[in-house]
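Working notes for the structure below.
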Amino acid sequence: MKCHVPGPNVKVLARTVHTLARFGDELYLESLPDCILLRTLNAAESAYAMIKFNKNFFSYFNYNYYSTEDNEGLKCKISMKSALNAFKSPAHIDKQVESLEMKLDPESCKLIFCLKCKHGIVKTHFVSILDCKAMQAVYTKDTVPNRITSPQRILNETLNSFQTSDDQVTLEATTKSLVIKNYIDSNMDLTKIIRTHVSLDPAEFDNYIIGEETTITFTLKEFRALLAFAEALNLPLQLHFETTGRPAVFIVHNGTTFEAHFVLATSKPDNATQATSTQSTTTKERNKRKDTCNTQGSVKKKRHIDVEFSKCLEEDSHLFNFVDIPDDINLKASNNLDNVKEQIDFDNVIPASPTSRTKIKSVFKRCFESTFDPKSIQGVILAENSDSE
Amino acid sequence: MKFRAVMNNSSPIREFSTIVSTISKLSKECVLRIADDMLYFIVSDENTGPAPPVLWCEIPQSVFFSEYQLVGMDETHQDIYLGLNSGNLARSFVSLKNVKSLKMKLTKKQCPCLTLEIEVPSTTSHQTRQIVHDIPVAVVPWKNWPDFYEPRVPDPDISIELPSLKQLRTTIDRMRTMASEVMVRASAGGQLILQIRADMAKVSTRFKDLNVAHFDGPVDNSDPETDSQGNEDSSEIVQCRVDAKKLALFLNVDHISTNTTLCSIVHKRLVTLCLQTDDNVKLQCFISGIVY
Amino acid sequence: MAEDSSQYHFTASMDSGKTLCSLLKAIQFQESAVFCALPEGLKLTVEEGKCVQASAYIPADNFTEYHVRDDVDVIFKISLAVLAECLNIFGSGEEASLKMYYKCEGSPLLLVLQPQSFRNVMTDCEIWSQTPDSMLELRSPEETDVAKLVVRAGALLAVLGDVERSADVLELRLQPEPPHFTIVTYGMQDRSCIEVPECSDTLQSFSCERELTLKYQLHHLRLCMKALAISNKVVLRCSSTGLLLLQLKLERDDNKHMFSEFYIVPLLDD
């Protein structure tokens with residue numbers, strides 16, 4: 001891959017990287033014939049971000065510059081910290097940087113960011129590639145019943161009313177109003193926390209369609225990050241969501257050169273979500289899944305001849321495939337007994353069933369329905385992504 | 001018990017917000033006493049257990065509220081005393097610009113709360129937005145009320161008008177980095193001296209031509225601590241050593257618009273700062289002297 | 001101060017101590033400094049370990065009055081932190097006039113400050129003096145410069161600010177051919193380079209005898225950043241031993257100048 005980003009767009013790319021850094025620690029980059037995709041996933045696997053830069057975002061674009069054999073573009077993973085290092089001070093970067101060249105160095109297996117700055121200064125960052133695969137999430141964006149388009153200002157101003165200590169926020173969407181409130185779970189000390197709720201009139205929004213009245217709850221950390229992104233670029237935000245428990249999709253785009261999707265898992269507000277224990281179990285799940293991935297890895301790794309990258313398509317699509325985890329309270333499957341024990345050990349406050357935890361993990365619930373075959377949907381996903389609003 | 005009050009004008013809301021934010025800088029916790037004619041914010045010294053208040057703020061309710069309803073527990077206990085986290089209250093006020101109205105009321109949600117219902121005009125349309133904050137409070141039982149009465153302090157030996165609080169605060173902030181205690185000295189001749197002794201230095205800032213509202217001298221200054229300038233009569237100098245950090249903290253009240261602040265000193269024992277605004281809001285800070 | 005100060009070893013006054021205060025803060029990476037009142041001007045020196053030596057130099061013409069007795073050496077150790085705080089006692093928003101007095105060896109340094117906008121207040125400070133430590137002679141007279149660059153201070157500040165903070169070592173590469181001046185830092189698995197060619201506006205002048213690659217502790221170079229922020233121009237000199245000297249010039253409005261300099265010892269390869 002080799003591409004050039006003209007001056008004004010470098011700022012957009014910098015803002016993108018800084019926003020993605022508030023989601024996850026690893027940045028996945030994929031180059032396709034008509035675009036470049038940057039993706040990341042947070043550690044708890046409850047928030048995903050994907051930003052697509054179309055060919056016209058670049059002043060020069062060659063998605064598979066170094067490959068001679070096939071039409072494969074680049075698929076790689078780099079540390080988010082390395083990416084941040086290349087894009088310091090996004091607020092001022094437009095005053096310094098005239099253009100940026102991103103390219104792969106196949107010999108050293110590094111991604112090179114070369115920033116041409118004012119006064120002839122050139123800054124080059126040679127970033128090690130940690131892995132050579134892509135990552136992609138499955139989510140519904142277009143066929144959801146609830147869609148709101150909001151100027152970023154409204155939501156940013158609303159969030160000012162909440163405390164920095166607030167962890168999660170609940171949206172109550174009805175046809176009459178949108179109520180945003182901070183989420184209190186039953187573990188918190190009620191005598192110490194301010195409860196805040198803000199009511200917004202649907203007339204405030206550019207577009208407000210609530211086909212199915214619902215209440216969704218998600219973490220503030222990533223929500224603030226994506227709102228800051230919309231604010232920095234002064235673009236409206238689209239919220240696409242369905243019912244409790246299904247992921248909410250937030251879209252920011254400029255209609256021509258880039259489109260950003262932020263997907264946040266939602267949970268039921270009346271169930272306690274013990275964030276830390278959820279994270280621990282999901283990490284365990286992830287590790288467990290990695291193991292299953294490896295055992296499934298009897299799939300041959302195709303080698304790309306010139307650049308020695310390995311690809312593992314099945315591995316990619318199973319990244320969020322919680323095939324081992326039952327989607328309901330049926331935890332009797334023997335290979336999950338260990339899981340169950342761990343879940344119950346963490347959960348000594350509420351003896352109820354661990355549905356809340358599986359709800360969090362059911363972000364990508366479709367992935368583990370028994371009839372679901374990720375390969376069958378691949379084509380559909382691409383079609384979704386290329387939809388423009 | 002019932003309390004409900006409404007502010008309808010952005011100017012009193014802003015002023016109230018400044019007062020609340022100043023108090024939150026001085027202390028994390030405070031007691032709000034709601035009386036028929038006044039609201040009081042009372043702060044006690046956190047470290048020393050039940051003790052007389054160190055901050056006493058009176059706010060005449062009629063200046064701020066367009067509606068005000070109070071029902072106490074019974075005939076003899078008509079006020080309401082609420083313990084709350086001043087930071088929580090300040091933070092609920094902080095993001096308010098162009099507020100149309102603010103309603104404060106005592107409610108019982110999962111615990112007793114002071115609920116603020118705020119109406120803000122939308123910045124993008126003709127709508128109004130409603131923001132509601134439920135701030136948890138603790139109702140102070142009436143047997144503890146004496147802890148929060150206005151402190152009775154000895155008559156000061158001198159009361160002198162302070163120069164610009166902002167100036168004072170700048171200087172004290174610099175002095176704080178060099179020493180932990182500062183000697184506050186005021187003379188009948190209208191001088192105020194702030195003096196510190198660091199490891200390797202001695203720094204004195206002298207303000208002169210200040211208005212002395214009251215001097216109850218002469219003062220017994222016969223001990224060796226006194227450091228006179230030679231031409232100053234030491235019997236006319238009232239002094240008190242205080243914690244520099246506390247003094248700096250209290251000087252944060254400069255954000256509240258005021259005409260004058262009076263500094264009263266009880267020789268070696270107490271420094272009181274008293275400010276009064278045009279709206280008759282009165283704020284008093286009591287800083288006890290350090291005695292070796 | 002009621003005494004006749006004409007016999008004092010050192011007296012000086014300034015209309016505004018603000019610039020002096022900023023300059024002293026720029027070298028304030030140690031608690032104390034050696035205060036030296038020379039006939040040409042005032043010099044304060046600070047050392048960190050045996051690796052960095054920084055000085056602030058204020059030529060006599062910056063003062064409205066400057067007097068040093070020619071039969072004595074005025075040199076003593078003093079708390080730089082306290083001196084800087086005292087100079088700033090009325091806050092950075094205020095211009096305050098400054099008077100300095102040093103009676104004789106062993107006396108404290110006396111400062112009297114008065115703000116220009118408030119006439120009814122003044123501050124006096126007594127700062128005790130101590131015997132000065134001996135300063136390192138980092139540079140020998142025979143040493144010559146292998147490379148010399150003149151850079152706009154703001155530009156060098158921006159370049160240093162851009163370097164990854166978590167790196168320990170900064171590698172400086174100077175070469176007669178392009179790209180002339182390169183700064184390289186190494187991360188865990190990554191590498192970053194900043195290249196400044198001679199033709200760049202940033203380099204006002206560049207001369208280099210032969211190729212040099214030198215390593216310095218990034219932390220030491222970052223010590224210069226405060227001084228770079230208040231200065232206009234910086235001269236970098238690299239000697240044959242790798243000793244780096246940065247000389248910074250601060251131009252004041254009235255055509256007077258103040259200076260700071262930093263000697264930094266290179267890291268030697270094991």
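Simple scheme: letters A, B, ... for chains in structure tokens order, numbers from 1 for residues in each chain, numbers from 1 for ligands in the order shown.
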Can you pull out the residues contacting Ser117 in chain C? Cut-off 10 Å, using only C-alpha atoms, and skip same-chain residues under 5 positions away; I want them as a ChimeraX atom specification. /C:94-96
Contacts between range 89-108 of chain B and range 188-216 of chain A, please, where a residue of range 188-216 of chain A counts if it comes within 12 Å (with only C-alpha atoms); show its shortest atom pair and distance in Å to one decimal, rows by chain and ascending number, as CSV.
```
residue,atom,partner,partner_atom,distance
A:Thr191,CA,B:Lys108,CA,11.6
A:Lys192,CA,B:Leu89,CA,11.7
A:Ile193,CA,B:Leu89,CA,11.1
A:Ile194,CA,B:Ser92,CA,8.5
A:Arg195,CA,B:Ser92,CA,10.1
A:Thr196,CA,B:Ser92,CA,8.8
A:His197,CA,B:Ser92,CA,11.4
```
For C-alpha atoms, I'd like the residues from the last selection saved as a compact mmCIF listing (two decimals), in the first residue's frame.
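Below is the file that was written, out-v3.txt:
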```txt
# COMPACT_ATOMS: atom_id res chain seq x y z
CA THR A 191 -25.90 8.73 48.92
CA LYS A 192 -22.80 9.86 47.12
CA ILE A 193 -23.82 10.11 43.50
CA ILE A 194 -25.68 12.90 41.77
CA ARG A 195 -28.38 11.58 39.51
CA THR A 196 -28.80 13.70 36.43
CA HIS A 197 -31.23 13.55 33.59
```
Residues of chain A within 12 Å of chain B, counting only C-alpha atoms, what are they? List them as a PDB file with N, CA, C and O atoms, in the first residue's frame.
```
ATOM      1  N   SER A 150     -28.389  14.163  14.741  1.00  0.00           N
ATOM      2  CA  SER A 150     -28.283  15.275  15.678  1.00  0.00           C
ATOM      3  C   SER A 150     -27.070  16.134  15.371  1.00  0.00           C
ATOM      4  O   SER A 150     -26.008  15.619  15.067  1.00  0.00           O
ATOM      5  N   PRO A 151     -27.222  17.452  15.456  1.00  0.00           N
ATOM      6  CA  PRO A 151     -26.015  18.288  15.409  1.00  0.00           C
ATOM      7  C   PRO A 151     -25.144  17.905  16.595  1.00  0.00           C
ATOM      8  O   PRO A 151     -25.669  17.644  17.679  1.00  0.00           O
ATOM      9  N   GLN A 152     -23.837  17.860  16.396  1.00  0.00           N
ATOM     10  CA  GLN A 152     -22.971  17.377  17.483  1.00  0.00           C
ATOM     11  C   GLN A 152     -23.094  18.259  18.717  1.00  0.00           C
ATOM     12  O   GLN A 152     -22.939  17.810  19.857  1.00  0.00           O
ATOM     13  N   ARG A 153     -23.432  19.511  18.494  1.00  0.00           N
ATOM     14  CA  ARG A 153     -23.458  20.475  19.591  1.00  0.00           C
ATOM     15  C   ARG A 153     -24.448  20.086  20.688  1.00  0.00           C
ATOM     16  O   ARG A 153     -24.158  20.205  21.877  1.00  0.00           O
ATOM     17  N   ILE A 154     -25.597  19.628  20.283  1.00  0.00           N
ATOM     18  CA  ILE A 154     -26.641  19.299  21.268  1.00  0.00           C
ATOM     19  C   ILE A 154     -26.139  18.230  22.225  1.00  0.00           C
ATOM     20  O   ILE A 154     -26.264  18.339  23.438  1.00  0.00           O
ATOM     21  N   LEU A 155     -25.576  17.173  21.641  1.00  0.00           N
ATOM     22  CA  LEU A 155     -25.148  16.070  22.492  1.00  0.00           C
ATOM     23  C   LEU A 155     -23.941  16.460  23.322  1.00  0.00           C
ATOM     24  O   LEU A 155     -23.820  16.074  24.480  1.00  0.00           O
ATOM     25  N   ASN A 156     -23.038  17.235  22.742  1.00  0.00           N
ATOM     26  CA  ASN A 156     -21.872  17.651  23.513  1.00  0.00           C
ATOM     27  C   ASN A 156     -22.279  18.545  24.676  1.00  0.00           C
ATOM     28  O   ASN A 156     -21.779  18.406  25.790  1.00  0.00           O
ATOM     29  N   GLU A 157     -23.213  19.444  24.428  1.00  0.00           N
ATOM     30  CA  GLU A 157     -23.679  20.330  25.493  1.00  0.00           C
ATOM     31  C   GLU A 157     -24.388  19.512  26.573  1.00  0.00           C
ATOM     32  O   GLU A 157     -24.231  19.766  27.765  1.00  0.00           O
ATOM     33  N   THR A 158     -25.163  18.549  26.143  1.00  0.00           N
ATOM     34  CA  THR A 158     -25.874  17.714  27.112  1.00  0.00           C
ATOM     35  C   THR A 158     -24.894  16.981  28.011  1.00  0.00           C
ATOM     36  O   THR A 158     -25.083  16.879  29.221  1.00  0.00           O
ATOM     37  N   LEU A 159     -23.844  16.456  27.413  1.00  0.00           N
ATOM     38  CA  LEU A 159     -22.881  15.709  28.226  1.00  0.00           C
ATOM     39  C   LEU A 159     -22.170  16.585  29.236  1.00  0.00           C
ATOM     40  O   LEU A 159     -21.653  16.101  30.232  1.00  0.00           O
ATOM     41  N   ASN A 160     -22.151  17.886  29.018  1.00  0.00           N
ATOM     42  CA  ASN A 160     -21.545  18.795  29.996  1.00  0.00           C
ATOM     43  C   ASN A 160     -22.268  18.775  31.325  1.00  0.00           C
ATOM     44  O   ASN A 160     -21.719  19.150  32.347  1.00  0.00           O
ATOM     45  N   SER A 161     -23.526  18.360  31.294  1.00  0.00           N
ATOM     46  CA  SER A 161     -24.289  18.327  32.547  1.00  0.00           C
ATOM     47  C   SER A 161     -23.958  17.123  33.397  1.00  0.00           C
ATOM     48  O   SER A 161     -24.387  17.038  34.545  1.00  0.00           O
ATOM     49  N   PHE A 162     -23.217  16.179  32.831  1.00  0.00           N
ATOM     50  CA  PHE A 162     -22.893  14.975  33.584  1.00  0.00           C
ATOM     51  C   PHE A 162     -21.522  15.089  34.225  1.00  0.00           C
ATOM     52  O   PHE A 162     -20.706  15.902  33.844  1.00  0.00           O
ATOM     53  N   GLN A 163     -21.294  14.253  35.231  1.00  0.00           N
ATOM     54  CA  GLN A 163     -20.022  14.302  35.944  1.00  0.00           C
ATOM     55  C   GLN A 163     -18.975  13.493  35.203  1.00  0.00           C
ATOM     56  O   GLN A 163     -19.301  12.518  34.534  1.00  0.00           O
ATOM     57  N   THR A 164     -17.729  13.856  35.401  1.00  0.00           N
ATOM     58  CA  THR A 164     -16.648  13.073  34.784  1.00  0.00           C
ATOM     59  C   THR A 164     -16.569  11.693  35.432  1.00  0.00           C
ATOM     60  O   THR A 164     -16.053  10.752  34.841  1.00  0.00           O
ATOM     61  N   SER A 165     -17.128  11.591  36.634  1.00  0.00           N
ATOM     62  CA  SER A 165     -17.076  10.287  37.297  1.00  0.00           C
ATOM     63  C   SER A 165     -18.174   9.358  36.801  1.00  0.00           C
ATOM     64  O   SER A 165     -18.170   8.176  37.113  1.00  0.00           O
ATOM     65  N   SER A 177     -39.934  12.407  23.444  1.00  0.00           N
ATOM     66  CA  SER A 177     -38.710  13.039  23.936  1.00  0.00           C
ATOM     67  C   SER A 177     -37.561  12.050  23.952  1.00  0.00           C
ATOM     68  O   SER A 177     -37.754  10.838  23.883  1.00  0.00           O
ATOM     69  N   LEU A 178     -36.364  12.638  24.078  1.00  0.00           N
ATOM     70  CA  LEU A 178     -35.174  11.817  24.282  1.00  0.00           C
ATOM     71  C   LEU A 178     -34.629  12.207  25.653  1.00  0.00           C
ATOM     72  O   LEU A 178     -34.281  13.376  25.877  1.00  0.00           O
ATOM     73  N   VAL A 179     -34.607  11.243  26.552  1.00  0.00           N
ATOM     74  CA  VAL A 179     -34.103  11.533  27.886  1.00  0.00           C
ATOM     75  C   VAL A 179     -32.762  10.841  28.046  1.00  0.00           C
ATOM     76  O   VAL A 179     -32.622   9.647  27.772  1.00  0.00           O
ATOM     77  N   ILE A 180     -31.770  11.625  28.466  1.00  0.00           N
ATOM     78  CA  ILE A 180     -30.431  11.063  28.671  1.00  0.00           C
ATOM     79  C   ILE A 180     -30.137  11.162  30.150  1.00  0.00           C
ATOM     80  O   ILE A 180     -30.255  12.241  30.740  1.00  0.00           O
ATOM     81  N   LYS A 181     -29.786  10.042  30.770  1.00  0.00           N
ATOM     82  CA  LYS A 181     -29.468  10.105  32.185  1.00  0.00           C
ATOM     83  C   LYS A 181     -28.278   9.242  32.528  1.00  0.00           C
ATOM     84  O   LYS A 181     -27.950   8.299  31.799  1.00  0.00           O
ATOM     85  N   ASN A 182     -27.643   9.568  33.639  1.00  0.00           N
ATOM     86  CA  ASN A 182     -26.495   8.751  34.029  1.00  0.00           C
ATOM     87  C   ASN A 182     -27.012   7.456  34.651  1.00  0.00           C
ATOM     88  O   ASN A 182     -28.071   7.413  35.268  1.00  0.00           O
ATOM     89  N   ILE A 184     -27.031   4.349  37.093  1.00  0.00           N
ATOM     90  CA  ILE A 184     -26.564   3.959  38.420  1.00  0.00           C
ATOM     91  C   ILE A 184     -26.815   2.477  38.562  1.00  0.00           C
ATOM     92  O   ILE A 184     -27.957   2.031  38.384  1.00  0.00           O
ATOM     93  N   SER A 186     -26.821  -1.024  40.978  1.00  0.00           N
ATOM     94  CA  SER A 186     -27.188  -1.199  42.387  1.00  0.00           C
ATOM     95  C   SER A 186     -25.985  -1.354  43.292  1.00  0.00           C
ATOM     96  O   SER A 186     -26.120  -1.423  44.499  1.00  0.00           O
ATOM     97  N   ASP A 189     -23.029   3.575  45.711  1.00  0.00           N
ATOM     98  CA  ASP A 189     -23.549   4.191  46.921  1.00  0.00           C
ATOM     99  C   ASP A 189     -24.415   5.378  46.525  1.00  0.00           C
ATOM    100  O   ASP A 189     -23.909   6.415  46.096  1.00  0.00           O
ATOM    101  N   LEU A 190     -25.713   5.214  46.677  1.00  0.00           N
ATOM    102  CA  LEU A 190     -26.642   6.237  46.205  1.00  0.00           C
ATOM    103  C   LEU A 190     -26.531   7.542  46.961  1.00  0.00           C
ATOM    104  O   LEU A 190     -26.949   8.583  46.481  1.00  0.00           O
ATOM    105  N   THR A 191     -25.984   7.483  48.156  1.00  0.00           N
ATOM    106  CA  THR A 191     -25.898   8.727  48.921  1.00  0.00           C
ATOM    107  C   THR A 191     -24.735   9.580  48.471  1.00  0.00           C
ATOM    108  O   THR A 191     -24.523  10.670  48.974  1.00  0.00           O
ATOM    109  N   LYS A 192     -23.960   9.073  47.523  1.00  0.00           N
ATOM    110  CA  LYS A 192     -22.798   9.858  47.125  1.00  0.00           C
ATOM    111  C   LYS A 192     -22.870  10.335  45.673  1.00  0.00           C
ATOM    112  O   LYS A 192     -22.050  11.114  45.238  1.00  0.00           O
ATOM    113  N   ILE A 193     -23.835   9.821  44.941  1.00  0.00           N
ATOM    114  CA  ILE A 193     -23.821  10.114  43.504  1.00  0.00           C
ATOM    115  C   ILE A 193     -24.956  11.045  43.105  1.00  0.00           C
ATOM    116  O   ILE A 193     -26.102  10.841  43.497  1.00  0.00           O
ATOM    117  N   ILE A 194     -24.637  12.030  42.304  1.00  0.00           N
ATOM    118  CA  ILE A 194     -25.681  12.899  41.767  1.00  0.00           C
ATOM    119  C   ILE A 194     -26.352  12.169  40.619  1.00  0.00           C
ATOM    120  O   ILE A 194     -25.687  11.625  39.748  1.00  0.00           O
ATOM    121  N   ARG A 195     -27.667  12.166  40.643  1.00  0.00           N
ATOM    122  CA  ARG A 195     -28.381  11.578  39.506  1.00  0.00           C
ATOM    123  C   ARG A 195     -28.806  12.734  38.611  1.00  0.00           C
ATOM    124  O   ARG A 195     -29.440  13.678  39.064  1.00  0.00           O
ATOM    125  N   THR A 196     -28.498  12.605  37.348  1.00  0.00           N
ATOM    126  CA  THR A 196     -28.803  13.702  36.427  1.00  0.00           C
ATOM    127  C   THR A 196     -29.614  13.177  35.275  1.00  0.00           C
ATOM    128  O   THR A 196     -29.305  12.092  34.764  1.00  0.00           O
ATOM    129  N   HIS A 197     -30.646  13.887  34.878  1.00  0.00           N
ATOM    130  CA  HIS A 197     -31.234  13.552  33.586  1.00  0.00           C
ATOM    131  C   HIS A 197     -31.593  14.806  32.801  1.00  0.00           C
ATOM    132  O   HIS A 197     -31.955  15.835  33.351  1.00  0.00           O
ATOM    133  N   VAL A 198     -31.411  14.689  31.496  1.00  0.00           N
ATOM    134  CA  VAL A 198     -31.642  15.809  30.586  1.00  0.00           C
ATOM    135  C   VAL A 198     -32.692  15.389  29.577  1.00  0.00           C
ATOM    136  O   VAL A 198     -32.589  14.316  28.989  1.00  0.00           O
ATOM    137  N   SER A 199     -33.714  16.227  29.413  1.00  0.00           N
ATOM    138  CA  SER A 199     -34.759  15.911  28.425  1.00  0.00           C
ATOM    139  C   SER A 199     -34.604  16.787  27.211  1.00  0.00           C
ATOM    140  O   SER A 199     -34.526  18.007  27.328  1.00  0.00           O
ATOM    141  N   LEU A 200     -34.588  16.145  26.057  1.00  0.00           N
ATOM    142  CA  LEU A 200     -34.464  16.898  24.811  1.00  0.00           C
ATOM    143  C   LEU A 200     -35.718  16.706  23.972  1.00  0.00           C
ATOM    144  O   LEU A 200     -36.229  15.601  23.849  1.00  0.00           O
ATOM    145  N   ASP A 201     -36.173  17.781  23.389  1.00  0.00           N
ATOM    146  CA  ASP A 201     -37.352  17.724  22.528  1.00  0.00           C
ATOM    147  C   ASP A 201     -36.952  17.208  21.145  1.00  0.00           C
ATOM    148  O   ASP A 201     -35.928  17.624  20.607  1.00  0.00           O
ATOM    149  N   PRO A 202     -37.758  16.326  20.564  1.00  0.00           N
ATOM    150  CA  PRO A 202     -37.410  15.815  19.229  1.00  0.00           C
ATOM    151  C   PRO A 202     -37.196  16.916  18.191  1.00  0.00           C
ATOM    152  O   PRO A 202     -36.436  16.727  17.242  1.00  0.00           O
ATOM    153  N   ALA A 203     -37.829  18.070  18.387  1.00  0.00           N
ATOM    154  CA  ALA A 203     -37.653  19.151  17.411  1.00  0.00           C
ATOM    155  C   ALA A 203     -36.233  19.679  17.367  1.00  0.00           C
ATOM    156  O   ALA A 203     -35.841  20.378  16.439  1.00  0.00           O
ATOM    157  N   GLU A 204     -35.438  19.350  18.375  1.00  0.00           N
ATOM    158  CA  GLU A 204     -34.045  19.800  18.388  1.00  0.00           C
ATOM    159  C   GLU A 204     -33.215  19.104  17.322  1.00  0.00           C
ATOM    160  O   GLU A 204     -32.167  19.583  16.913  1.00  0.00           O
ATOM    161  N   PHE A 205     -33.696  17.936  16.896  1.00  0.00           N
ATOM    162  CA  PHE A 205     -32.858  17.123  16.016  1.00  0.00           C
ATOM    163  C   PHE A 205     -33.202  17.328  14.544  1.00  0.00           C
ATOM    164  O   PHE A 205     -34.320  17.662  14.180  1.00  0.00           O
ATOM    165  N   ASP A 206     -32.221  17.088  13.692  1.00  0.00           N
ATOM    166  CA  ASP A 206     -32.443  17.211  12.253  1.00  0.00           C
ATOM    167  C   ASP A 206     -33.371  16.115  11.757  1.00  0.00           C
ATOM    168  O   ASP A 206     -34.099  16.270  10.799  1.00  0.00           O
TER     169      ASP A 206
END
```
Using only C-alpha atoms, which residue out of C:Met135, C:Leu110, C:Cys224, C:Ile58 lies closest to chain B?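 The closest residue to chain B is C:Leu110.
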Residue nearest chain C - candidates B:His267, B:Arg4, B:Lys246, B:Arg176, atoms counted: only C-alpha atoms: B:Arg176
Counting only C-alpha atoms, collect the residues of chain B whose closest atom lies at most 7 Å from chain C, and write them out as number ranges by chain. B: 170-171, 174, 178, 200-209
Export N, CA and C atoms of the chosen residues as a short mmCIF file (atom, residue, chain, number, x, y, z; two decimals), in the first residue's frame?
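Writing the result to result_38.cif gives the following:
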```cif
data_model
loop_
_atom_site.label_atom_id
_atom_site.label_comp_id
_atom_site.auth_asym_id
_atom_site.auth_seq_id
_atom_site.Cartn_x
_atom_site.Cartn_y
_atom_site.Cartn_z
N THR B 170 -2.45 36.34 44.99
CA THR B 170 -1.25 36.09 44.18
C THR B 170 -0.02 36.01 45.07
N THR B 171 0.09 36.99 45.98
CA THR B 171 1.26 37.03 46.84
C THR B 171 1.29 35.84 47.80
N ARG B 174 2.46 32.69 46.14
CA ARG B 174 3.91 32.62 45.96
C ARG B 174 4.58 32.29 47.30
N MET B 178 7.12 28.72 49.65
CA MET B 178 8.36 28.86 50.41
C MET B 178 8.19 28.54 51.89
N MET B 200 15.80 29.44 54.03
CA MET B 200 16.95 30.27 53.70
C MET B 200 16.54 31.69 53.36
N ALA B 201 15.34 32.07 53.80
CA ALA B 201 14.91 33.40 53.38
C ALA B 201 13.86 33.97 54.31
N LYS B 202 13.67 35.27 54.23
CA LYS B 202 12.61 35.94 54.95
C LYS B 202 11.97 36.91 53.96
N VAL B 203 10.65 36.82 53.81
CA VAL B 203 9.98 37.68 52.83
C VAL B 203 8.84 38.42 53.51
N SER B 204 8.77 39.72 53.27
CA SER B 204 7.68 40.53 53.85
C SER B 204 7.02 41.37 52.77
N THR B 205 5.72 41.31 52.70
CA THR B 205 4.99 42.18 51.77
C THR B 205 4.20 43.16 52.61
N ARG B 206 4.39 44.44 52.32
CA ARG B 206 3.78 45.48 53.15
C ARG B 206 2.80 46.32 52.34
N PHE B 207 1.56 46.35 52.80
CA PHE B 207 0.53 47.22 52.20
C PHE B 207 0.33 48.40 53.13
N LYS B 208 0.27 49.62 52.57
CA LYS B 208 0.05 50.75 53.46
C LYS B 208 -1.16 51.57 53.00
N ASP B 209 -1.48 52.55 53.78
CA ASP B 209 -2.62 53.45 53.51
C ASP B 209 -3.93 52.69 53.44
#
```
Pick out the chain A residues within 8 Å of chain C. Count only C-alpha atoms. Give them as a ChimeraX atom specification. /A:82,85,88,119-128
Check range 3-97 of chain C with DSSP on the backbone and list each residue it calls strand (DSSP E), as a PyMOL selection string. chain C and resi 10-14+32-37+41-48+52-59+65-68+74-79+96-97
From a backbone DSSP assignment, name each residue in range 162-230 of chain C labelled alpha helix (DSSP H), as a list in words.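 The residues of range 162-230 of chain C classed as alpha helix (DSSP H) are Asp162, Leu218, His219, His220, Leu221, Arg222, Met225, Lys226, Ala227, Leu228, Ala229 and Ile230 of chain C.
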I'd like the neighbourhood of range 30-45 of chain B as a ChimeraX atom specification, where a residue qualifies if any of its atoms comes within 7 Å (using only C-alpha atoms), though same-chain residues fewer than 2 positions away should be ignored. /B:27-28,47-48,51-61,70,79-86,148
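Closest approach to Gly189 in chain B among B:Thr272, B:Gln167, B:Thr76, B:Ser234: B:Ser234, based on only C-alpha atoms.
The residue set within 6 Å of Leu29 in chain A, counting only C-alpha atoms and dropping same-chain residues fewer than 5 places from it, reads A:Leu37, A:Leu38, A:Lys75, A:Cys76.
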So that I can check the surroundings of range 246-253 of chain A, please list as a VMD selection string every protein, DNA and RNA residue that reaches within 6 Å of it, counting only C-alpha atoms and ignoring chain neighbours fewer than 3 positions away. chain A and resid 237 to 241 243 258 to 266 363
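If you look at CA of Thr143 in chain A and CA of Glu242 in chain A, they are 9.0 Å away from each other.
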Show me, as a ChimeraX atom specification, the residues that have an atom within 9 Å of Gln175 in chain C when counting only C-alpha atoms, minus same-chain residues fewer than 3 positions from it. /C:147,178-182,207-213
